[in-house]
Amino acid sequence: MKKDDLLYDKFIEIIKGRIPEKGKLVNDLIDLLGIEKEGIYRRLRGDVPFSFFEVTKISREYSISLDSIVGNFNVINRSFNVKLLEFLAPKDFHISAISDYTFNLKSLVFDLDSESGSISTMIPIALCIRYKPLYKFYMYKWYIEFRSEDYKMSYSDINIDKRLEKVNEEFVLSVRNSPNSVYIFDELFILYFVKDIKYFEDIKLLTKEEISVIKASLHLFLNDLERYAIKGQFDEGGKVNIYISNIHFEGNLNYINSKQYKFAIIRAFTLNDIYSTDEIVCAEMKKWCLFLKRASTLISQSSELKRIEFFGKQRELVEML
């Protein structure tokens with residue numbers, strides 16, 4: 001069999017994996033491509049190949065990385081993609097990129113053994129979005145880093161686009177409804193956030209009033225996180241395991257691991273992502289996660305003394321503001 005045949009077979013396999021229900025997949029492809037039902041069946045059987053235009057359209061709709069498919073046939077080089085989104089004035093395709101990820105997260109409810117997770121030295125975006133002052137600070141930090149040379153915009157000037165708010169809320173709900181969520185935190189992740197706030201204060205980019213609002217939101221976030229740890233689940237019902245790492249680690253990773261879908265995200269540039277759907281990359285990320293679990297303390301419904309000490313320390317750090 002030719003390599004091209006293997007690549008095409010892999011593409012078809014991934015399409016079928018995105019939507020396991022064959023009837024729904026066929027109907028979705030009919031709507032997407034404007035092709036009659038028999039034409040879709042012939043393409044899925046391999047009797048007729050999808051055209052380049054059709055492959056491109058399907059890949060965009062179902063977040064399929066063609067680079068990662070090619071990468072599966074290269075032992076050394078693995079494929080990553082970078083999503084450079086615009087957050088203050090997002091275009092429709094920026095909103096669609098977030099919706100695509102949410103679409104795949106929603107599919108986890110059909111796989112009770114699936115897992116979504118975050119390994120973090122920062123407050124994970126999935127957890128901070130509902131705490132508007134915290135999310136606004138990450139947006140402001142991103143703006144200062146990548147969109148401003150003269151600091152014309154203040155923190156209070158940051159307005160979250162209504163479409164972004166909507167897709168963000170859908171994203172949060174999909175995370176909180178996932179069967180199993182895992183969060184592994186660097187023990188000093190709140191300290192890193194506090195140090196950022198203090199730096200922005202020192203260079204006159206945050207006022208005392210703005211810091212007071214952020215501080216109150218940090219306390220609210222910690223209260224809710226502690227409650228999730230005690231219950232072992234989100235208010236929406238999804239199970240959550242929270243770990244505190246006993247070793248230092250570098251980088252921030254988010255991942256999805258299910259039978260049908262695997263996704264690894266390295267958080268970069270404050271809000272933007274480097275991601276991969278490459279199966280080998282995802283397998284390596286899973287190994288790292290399993291190691292960090294062993295090197296961490298589970299505080300969800302366990303290790304009560306550690307949990308109390310941890311949250312007490314985080315609240316002391318917030319009081320530094």
# chains A, B, ... in the order shown; residues from 1 in each chain; ligands from 1
$ residues_around --residues "range 152-166 of chain A" --least-positions-apart "5" --cutoff "7 Å" --atoms "only C-alpha atoms" --output "ChimeraX atom specification"
/A:88,95,136,140,205-206
$ residues_around --residues "Ser118 in chain A" --least-positions-apart "3" --cutoff "12 Å" --atoms "only C-alpha atoms" --output "count of residues only"
39
$ atom_distance --atom1 "CA of Ser178 in chain A" --atom2 "CA of Glu304 in chain A"
24.8 Å
$ closest_residue --among "A:Lys262, A:Val318, A:Pro49, A:Lys287" --to "Lys195 in chain A" --atoms "only C-alpha atoms"
A:Val318
$ closest_residue --among "A:Ser212, A:Asn27, A:Ser96, A:Asn223" --to "Arg60 in chain A" --atoms "only C-alpha atoms"
A:Ser96
$ closest_residue --among "A:Thr56, A:Leu112, A:Arg294, A:Gly23" --to "Ile40 in chain A" --atoms "only C-alpha atoms"
A:Gly23
$ select_by_dssp --residues "range 149-310 of chain A" --states "helix (DSSP H, G or I)" --output "PyMOL selection string"
chain A and resi 155-157+162-176+189-202+208-231+279-294+304-310
$ closest_residue --among "A:Leu33, A:Leu108, A:Leu134, A:Ile129" --to "Val213 in chain A" --atoms "only C-alpha atoms"
A:Leu134
$ atom_distance --atom1 "CA of Ile197 in chain A" --atom2 "CA of Glu145 in chain A"
14.3 Å
$ closest_residue --among "A:Glu187, A:Phe53, A:Lys259, A:Glu236" --to "Ser296 in chain A" --atoms "only C-alpha atoms"
A:Glu187
